[in-house]
>>> print(open('my_file-v3.cif').read())   # mmCIF, C-alpha atoms
data_entry
loop_
_atom_site.label_atom_id
_atom_site.label_comp_id
_atom_site.auth_asym_id
_atom_site.auth_seq_id
_atom_site.Cartn_x
_atom_site.Cartn_y
_atom_site.Cartn_z
CA MET A 1 -83.90 -84.03 73.03
CA GLU A 2 -85.07 -80.42 73.12
CA GLN A 3 -88.65 -79.40 73.86
CA LYS A 4 -90.26 -76.03 73.24
CA ALA A 5 -93.84 -74.94 73.80
CA GLY A 6 -95.45 -71.91 72.19
CA LYS A 7 -98.87 -70.38 72.57
CA SER A 8 -100.49 -72.93 70.26
CA THR A 9 -97.71 -75.36 69.32
CA ARG A 10 -95.30 -77.81 70.93
CA THR A 11 -91.97 -78.60 69.32
CA GLU A 12 -89.60 -81.48 70.02
CA ALA A 13 -86.18 -81.68 68.41
CA PHE A 14 -83.70 -84.55 68.35
CA THR A 15 -80.15 -84.62 67.00
CA PHE A 16 -78.99 -87.63 65.02
CA GLY A 17 -75.38 -87.02 64.04
CA PRO A 18 -75.44 -84.12 61.54
CA TRP A 19 -79.25 -84.29 61.32
CA THR A 20 -81.83 -82.34 63.32
CA LEU A 21 -85.26 -83.96 63.49
CA THR A 22 -88.01 -81.53 64.49
CA ALA A 23 -91.63 -82.45 65.20
CA THR A 24 -94.17 -79.67 65.73
CA LYS A 25 -97.71 -80.22 67.01
CA GLY A 26 -100.57 -77.76 67.20
CA HIS A 27 -104.34 -77.40 67.27
CA ILE A 28 -106.94 -77.99 64.57
CA LEU A 29 -107.22 -75.19 62.01
CA LYS A 30 -110.05 -72.79 62.80
CA SER A 31 -112.80 -72.15 60.26
CA GLN A 32 -112.75 -68.35 60.45
CA CYS A 33 -110.07 -65.70 59.99
CA GLU A 34 -108.16 -65.18 63.22
CA TYR A 35 -108.24 -61.41 62.65
CA SER A 36 -112.00 -61.14 62.03
CA GLY A 37 -111.64 -60.93 58.26
CA ARG A 38 -109.02 -58.18 58.26
CA CYS A 39 -106.31 -60.24 56.55
CA ASP A 40 -105.00 -58.90 53.25
CA PHE A 41 -104.40 -61.87 50.92
CA THR A 42 -101.66 -59.92 49.12
CA ASP A 43 -99.72 -59.56 52.37
CA ASP A 44 -97.28 -62.19 53.64
CA GLU A 45 -98.37 -61.53 57.23
CA ILE A 46 -101.80 -63.15 57.24
CA CYS A 47 -103.31 -65.64 59.65
CA ILE A 48 -102.90 -69.33 58.96
CA VAL A 49 -106.61 -69.74 58.13
CA CYS A 50 -106.38 -67.16 55.36
CA LEU A 51 -103.07 -68.62 54.23
CA TYR A 52 -104.80 -71.94 53.53
CA LYS A 53 -107.63 -70.18 51.69
CA ARG A 54 -105.15 -68.24 49.56
CA GLU A 55 -102.84 -71.15 48.74
CA LEU A 56 -105.46 -73.84 48.05
CA GLN A 57 -108.09 -73.96 45.31
CA LEU A 58 -110.23 -76.54 47.13
CA PRO A 59 -113.92 -75.67 47.66
CA GLN A 60 -113.59 -77.05 51.19
CA LEU A 61 -110.96 -78.43 53.50
CA PRO A 62 -110.92 -81.67 55.48
CA GLU A 63 -112.89 -81.48 58.72
CA MET A 64 -109.71 -81.56 60.75
CA VAL A 65 -106.55 -79.91 59.44
CA PHE A 66 -103.67 -79.72 61.87
CA ALA A 67 -102.11 -76.76 60.14
CA ASN A 68 -99.18 -76.36 62.52
CA ASN A 69 -98.22 -80.03 62.57
CA SER A 70 -95.03 -80.82 60.70
CA LEU A 71 -92.00 -83.05 60.66
CA ARG A 72 -88.71 -81.57 59.46
CA VAL A 73 -85.57 -83.64 58.91
CA GLU A 74 -82.64 -81.34 58.17
CA TYR A 75 -78.93 -81.95 57.58
CA ASN A 76 -76.61 -79.40 59.16
CA ALA A 77 -75.80 -77.90 55.74
CA GLY A 78 -79.46 -77.02 55.21
CA PHE A 79 -80.63 -79.98 53.14
CA GLY A 80 -83.43 -82.38 54.00
CA ILE A 81 -87.13 -83.14 53.79
CA GLU A 82 -90.25 -81.82 55.48
CA PHE A 83 -93.84 -83.06 55.81
CA ASP A 84 -96.71 -80.61 56.34
CA PRO A 85 -100.47 -80.57 55.61
CA LEU A 86 -100.54 -77.51 53.35
CA SER A 87 -98.06 -78.99 50.88
CA ALA A 88 -99.96 -82.29 50.93
CA LEU A 89 -103.31 -80.62 50.24
CA LYS A 90 -101.83 -78.70 47.30
CA MET A 91 -101.64 -82.06 45.51
CA VAL A 92 -105.35 -82.80 45.91
CA ASP A 93 -107.33 -82.46 42.67
CA ALA A 94 -109.40 -79.30 43.07
CA LYS A 95 -111.43 -79.73 39.87
CA ASN A 96 -112.31 -83.40 39.39
CA ASP A 97 -114.17 -85.97 41.46
CA LEU A 98 -111.86 -88.89 40.70
CA ILE A 99 -113.62 -91.47 42.85
CA LYS A 100 -116.88 -91.33 40.87
CA VAL A 101 -114.93 -91.69 37.63
CA ALA A 102 -112.75 -94.56 38.85
CA VAL A 103 -115.49 -96.68 40.43
CA ALA A 104 -118.62 -95.45 38.68
CA GLN A 105 -120.77 -98.59 38.97
CA GLU A 106 -119.83 -99.31 42.59
CA TRP A 107 -120.38 -95.65 43.38
CA ARG A 108 -123.89 -95.55 41.96
CA GLU A 109 -124.87 -98.73 43.79
CA ALA A 110 -123.43 -97.76 47.16
CA ARG A 111 -123.91 -93.98 47.19
CA SER A 112 -127.10 -93.29 45.22
CA GLU A 113 -128.93 -92.09 48.33
CA CYS A 114 -126.08 -90.08 49.80
CA GLU A 115 -127.32 -86.55 50.41
CA PHE A 116 -123.81 -85.24 51.02
CA ILE A 117 -122.55 -86.33 47.60
CA ARG A 118 -125.63 -84.98 45.81
CA GLU A 119 -124.97 -81.62 47.43
CA VAL A 120 -121.40 -81.38 46.13
CA VAL A 121 -121.95 -78.65 43.54
CA LYS A 122 -118.37 -77.96 42.47
CA PRO A 123 -116.55 -81.18 41.52
CA PHE A 124 -113.32 -81.82 43.42
CA ASP A 125 -111.62 -84.79 45.02
CA TRP A 126 -113.57 -84.77 48.27
CA THR A 127 -111.55 -87.80 49.46
CA PHE A 128 -108.50 -85.50 49.64
CA THR A 129 -106.30 -88.12 47.99
CA THR A 130 -102.69 -86.96 47.77
CA GLY A 131 -99.55 -88.39 46.25
CA TYR A 132 -97.43 -86.18 48.49
CA LYS A 133 -93.94 -87.56 49.17
CA GLY A 134 -92.62 -84.75 51.33
CA THR A 135 -91.16 -81.35 50.54
CA LEU A 136 -87.44 -81.36 49.73
CA ILE A 137 -85.26 -78.73 51.37
CA GLY A 138 -82.26 -77.37 49.46
CA GLU A 139 -82.95 -78.51 45.88
CA GLU A 140 -81.71 -75.16 44.61
CA SER A 141 -78.42 -75.68 46.50
CA GLY A 142 -77.41 -79.06 45.15
CA LEU A 143 -79.80 -81.60 46.66
CA SER A 144 -80.61 -84.15 43.95
CA VAL A 145 -83.01 -87.05 43.42
CA GLU A 146 -82.47 -90.13 41.28
CA GLU A 147 -84.39 -93.37 40.82
CA THR A 148 -82.77 -96.49 42.22
CA THR A 149 -83.29 -100.24 42.44
CA GLU A 150 -82.07 -100.23 46.04
CA LYS A 151 -84.79 -101.09 48.55
CA ILE A 152 -85.30 -100.41 52.22
CA ASP A 153 -84.05 -103.37 54.23
CA PHE A 154 -87.06 -104.14 56.42
CA GLU A 155 -85.24 -107.01 58.09
CA LYS A 156 -82.88 -104.43 59.57
CA LEU A 157 -85.86 -102.46 60.80
CA LYS A 158 -87.19 -105.56 62.53
CA ALA A 159 -84.00 -105.87 64.58
CA ARG A 160 -84.39 -104.90 68.22
CA GLU A 161 -82.80 -101.52 68.67
CA LYS A 162 -83.43 -98.87 71.26
CA ILE A 163 -85.96 -96.25 70.11
CA MET A 164 -84.23 -92.96 70.83
CA PHE A 165 -86.94 -90.70 69.42
CA TYR A 166 -90.50 -91.30 68.23
CA GLU A 167 -93.31 -89.05 67.01
CA ASP A 168 -96.71 -89.65 65.42
CA LEU A 169 -98.34 -86.62 63.77
CA ILE A 170 -101.76 -86.40 62.16
CA LEU A 171 -101.78 -83.86 59.32
CA TYR A 172 -105.44 -83.98 58.30
CA GLU A 173 -108.54 -86.13 58.69
CA ASP A 174 -112.12 -86.25 57.42
CA GLU A 175 -115.02 -88.67 58.00
CA LEU A 176 -116.51 -88.03 54.54
CA ALA A 177 -119.89 -87.09 56.02
CA ASP A 178 -120.11 -90.53 57.70
CA ASN A 179 -119.37 -92.28 54.40
CA GLY A 180 -115.98 -93.57 55.49
CA THR A 181 -112.73 -91.95 56.50
CA THR A 182 -109.64 -90.34 55.04
CA TRP A 183 -106.50 -89.23 56.84
CA LEU A 184 -102.85 -88.39 56.39
CA ASN A 185 -100.28 -88.89 59.10
CA VAL A 186 -96.52 -89.13 59.47
CA LYS A 187 -94.47 -91.14 61.95
CA ILE A 188 -90.76 -91.17 62.70
CA ARG A 189 -88.63 -93.43 64.81
CA VAL A 190 -84.93 -93.02 65.43
CA MET A 191 -82.59 -95.86 66.39
CA PRO A 192 -78.85 -95.66 67.17
CA SER A 193 -77.95 -96.71 63.61
CA SER A 194 -80.75 -95.22 61.49
CA PHE A 195 -84.05 -93.38 61.27
CA PHE A 196 -87.28 -94.37 59.52
CA ILE A 197 -90.26 -92.25 58.45
CA LEU A 198 -93.67 -93.41 57.28
CA LEU A 199 -96.06 -90.92 55.68
CA ARG A 200 -99.39 -92.66 55.11
CA TYR A 201 -102.52 -91.52 53.30
CA PHE A 202 -105.50 -93.80 54.02
CA LEU A 203 -108.94 -93.73 52.39
CA ARG A 204 -111.98 -95.89 53.01
CA VAL A 205 -115.22 -95.06 51.20
CA ASP A 206 -117.75 -97.41 52.80
CA ASN A 207 -118.83 -100.28 50.51
CA VAL A 208 -116.77 -98.85 47.65
CA ILE A 209 -112.98 -98.59 47.87
CA ILE A 210 -109.89 -98.57 50.09
CA ARG A 211 -106.71 -96.75 49.10
CA ILE A 212 -103.31 -96.42 50.79
CA ASN A 213 -100.52 -94.16 49.57
CA ASP A 214 -97.30 -94.68 51.52
CA THR A 215 -94.03 -92.80 51.50
CA ARG A 216 -91.22 -94.44 53.44
CA VAL A 217 -87.94 -92.66 54.10
CA TYR A 218 -84.95 -94.53 55.52
CA HIS A 219 -81.45 -93.36 56.38
CA GLU A 220 -78.45 -95.12 57.92
CA ALA A 221 -75.85 -93.13 59.81
CA SER A 222 -73.05 -93.76 57.28
CA TRP A 223 -75.08 -92.83 54.18
CA ASN A 224 -74.96 -89.58 52.22
CA TYR A 225 -78.53 -90.04 51.01
CA LEU A 226 -82.09 -90.74 52.07
CA LEU A 227 -83.83 -93.75 50.55
CA ARG A 228 -87.42 -92.81 49.67
CA GLU A 229 -90.04 -95.35 48.58
CA PHE A 230 -93.52 -94.36 47.40
CA SER A 231 -96.30 -96.87 46.73
CA SER A 232 -100.01 -96.65 45.96
CA ARG A 233 -102.40 -99.53 46.68
CA GLU A 234 -106.15 -99.88 46.43
CA GLY A 235 -108.96 -102.39 46.29
CA TYR A 236 -112.73 -102.49 45.84
CA ILE A 237 -114.39 -103.49 49.09
CA LYS A 238 -116.70 -105.94 47.30
CA ASP A 239 -113.59 -107.89 46.21
CA LEU A 240 -112.04 -108.05 49.69
CA ASP A 241 -113.10 -111.23 51.46
CA VAL A 242 -112.01 -110.07 54.89
CA PRO A 243 -113.71 -109.24 58.22
CA LEU A 244 -114.93 -105.72 58.89
CA ALA A 245 -112.21 -105.30 61.50
CA VAL A 246 -109.61 -105.73 58.76
CA ILE A 247 -111.28 -103.26 56.40
CA THR A 248 -111.24 -100.53 59.02
CA ASP A 249 -107.59 -101.12 60.00
CA ALA A 250 -105.01 -99.63 57.62
CA ASN A 251 -102.23 -101.95 58.78
CA ALA A 252 -104.40 -105.07 58.59
CA VAL A 253 -105.90 -104.39 55.16
CA TYR A 254 -102.64 -103.27 53.54
CA ASP A 255 -101.57 -106.71 52.26
CA TYR A 256 -105.00 -107.33 50.68
CA LEU A 257 -104.78 -104.31 48.39
CA THR A 258 -103.47 -104.31 44.82
CA LEU A 259 -100.23 -102.46 44.16
CA LYS A 260 -100.95 -99.75 41.56
CA SER A 261 -97.66 -97.89 41.40
CA GLU A 262 -94.28 -97.86 43.11
CA ILE A 263 -91.09 -95.86 42.84
CA THR A 264 -87.86 -95.80 44.88
CA GLU A 265 -85.52 -92.81 44.88
CA LYS A 266 -82.30 -91.67 46.45
CA VAL A 267 -82.40 -88.15 47.83
CA ILE A 268 -78.69 -87.40 47.67
CA ILE A 269 -77.22 -85.00 50.19
CA PRO A 270 -74.18 -82.98 49.01
CA VAL A 271 -71.63 -83.90 51.69
CA ALA A 272 -68.34 -82.02 51.78
CA ASP A 273 -66.70 -84.53 54.14
CA SER A 274 -65.04 -87.09 51.85
CA SER A 275 -64.85 -89.58 54.74
CA THR A 276 -68.59 -90.16 54.47
CA PRO A 277 -69.16 -93.29 52.37
CA ASP A 278 -70.84 -92.76 49.01
CA HIS A 279 -73.24 -95.66 48.47
CA ARG A 280 -74.35 -94.56 45.04
#
>>> encode(input="my_file-v3.cif", output="structure tokens")
Amino acid sequence: MEQKAGKSTRTEAFTFGPWTLTATKGHILKSQCEYSGRCDFTDDEICIVCLYKRELQLPQLPEMVFANNSLRVEYNAGFGIEFDPLSALKMVDAKNDLIKVAVAQEWREARSECEFIREVVKPFDWTFTTGYKGTLIGEESGLSVEETTEKIDFEKLKAREKIMFYEDLILYEDELADNGTTWLNVKIRVMPSSFFILLRYFLRVDNVIIRINDTRVYHEASWNYLLREFSSREGYIKDLDVPLAVITDANAVYDYLTLKSEITEKVIIPVADSSTPDHR
């Protein structure tokens, strides 16, 4: 395992056969331009604060954006997948407040006195809900994606194997002006025979709704593909007959939520070595 530390970031890299797994951690994004407003938005060399302002159409960002945090999983031929906060936030609806539309009655009853919500002048999804599944690397060079009925074998993941590499990265977080919480984080663990990634978006609007969007990526050493599963679950809090401790715990409340959508895909890596089994 290789470790590198920069001025504001720390990087750890681990090699798994032909794969390089790189986790980068940094500080929370500042609120002001790092060059005192001198950045030129037409220039590629701008500070990361101005980069976010240029690339996103959101009226505001989450309270805590860990702009330098990322997880990159790359095959030695340059294919793979990456998880970063900027790409995730690009999928947030910048024009519509979807929560009020989806749960209008519950919203009015639970949030009628909320000063924060009344002050939201420009409608946007202030819960920062994202259906982000990761950014694919190398699509233009032959990487392909196809739907599949194959599922991740969670029984295999329950087997006791040595954890060779583990990282837990928060990408962004917001407390919704004390009206709940929303966050996006990504975890990876590497065993001798496989690696597993969980990207989780969690939302809890107090007294209204809970939502979990999960992307799971699994790969076994002999495969020429990544298995990627995306699911979206949610539930109205008034319908959840569970203790408060469950409602505030993403892992505990998960099984009580209704599955809204689900898709499983193979991200197929073009492998020149014909000795690598093709499980398609």
>>> residues_around(input="my_file-v3.cif", residues="Glu229 of chain A", least_positions_apart="5", cutoff="8 Å", atoms="all atoms listed in the file", output="compact mmCIF listing (two decimals) with C-alpha atoms, in the coordinates of the input")
# COMPACT_ATOMS: atom_id res chain seq x y z
CA LYS A 151 -84.79 -101.09 48.55
CA ILE A 152 -85.30 -100.41 52.22
CA ASP A 214 -97.30 -94.68 51.52
CA THR A 215 -94.03 -92.80 51.50
CA ARG A 216 -91.22 -94.44 53.44
CA VAL A 217 -87.94 -92.66 54.10
CA GLU A 262 -94.28 -97.86 43.11
CA ILE A 263 -91.09 -95.86 42.84
CA THR A 264 -87.86 -95.80 44.88
CA GLU A 265 -85.52 -92.81 44.88
>>> closest_residue(input="my_file-v3.cif", among="A:Lys260, A:Arg211, A:Arg72, A:Lys266", to="Leu21 of chain A", atoms="all atoms listed in the file")
A:Arg72
>>> residues_around(input="my_file-v3.cif", residues="Asp239 of chain A", least_positions_apart="5", cutoff="12 Å", atoms="all atoms listed in the file", output="list in words")
Glu106, Asn207, Val208, Ile209, Ile210, Glu234, Ile247, Tyr256, Leu257 and Thr258 of chain A
>>> resolve_selection(input="my_file-v3.cif", expression="the PyMOL selection byres ((chain A and resi 181-188) around 10)", output="PyMOL selection string")
chain A and resi 21+23+62+64-65+69-71+73+83-85+88-89+126-130+132+165-180+189-190+195-206+210-218+248
>>> closest_residue(input="my_file-v3.cif", among="A:Cys39, A:Ala245, A:Ala67, A:Ile48", to="Lys25 of chain A", atoms="all atoms listed in the file")
A:Ala67
>>> closest_residue(input="my_file-v3.cif", among="A:Lys90, A:Arg38, A:His219, A:His27", to="Leu58 of chain A", atoms="all atoms listed in the file")
A:Lys90
>>> closest_residue(input="my_file-v3.cif", among="A:Ser222, A:Thr11, A:Ser231, A:Thr135", to="Glu74 of chain A", atoms="only C-alpha atoms")
A:Thr135
>>> closest_residue(input="my_file-v3.cif", among="A:Lys95, A:Asn224, A:Ser36, A:Leu157", to="Met191 of chain A", atoms="only C-alpha atoms")
A:Leu157
>>> atom_distance(input="my_file-v3.cif", atom1="atom CA of Ile137 of chain A", atom2="atom CA of Gly26 of chain A")
22.0 Å
>>> atom_distance(input="my_file-v3.cif", atom1="atom CA of Ile268 of chain A", atom2="atom CA of Ala159 of chain A")
25.6 Å
>>> resolve_selection(input="my_file-v3.cif", expression="the PyMOL selection byres ((chain A and resi 162) around 9)", output="NGL selection string")
:A and (160-161 or 163-164 or 190-192)
>>> atom_distance(input="my_file-v3.cif", atom1="atom CA of Glu55 of chain A", atom2="atom CA of Phe230 of chain A")
25.0 Å
>>> closest_residue(input="my_file-v3.cif", among="A:Gln57, A:Asn68, A:Phe154, A:Ala13", to="Lys30 of chain A", atoms="all atoms listed in the file")
A:Asn68
>>> residues_around(input="my_file-v3.cif", residues="Ala221 of chain A", least_positions_apart="2", cutoff="6 Å", atoms="only C-alpha atoms", output="count of residues only")
3
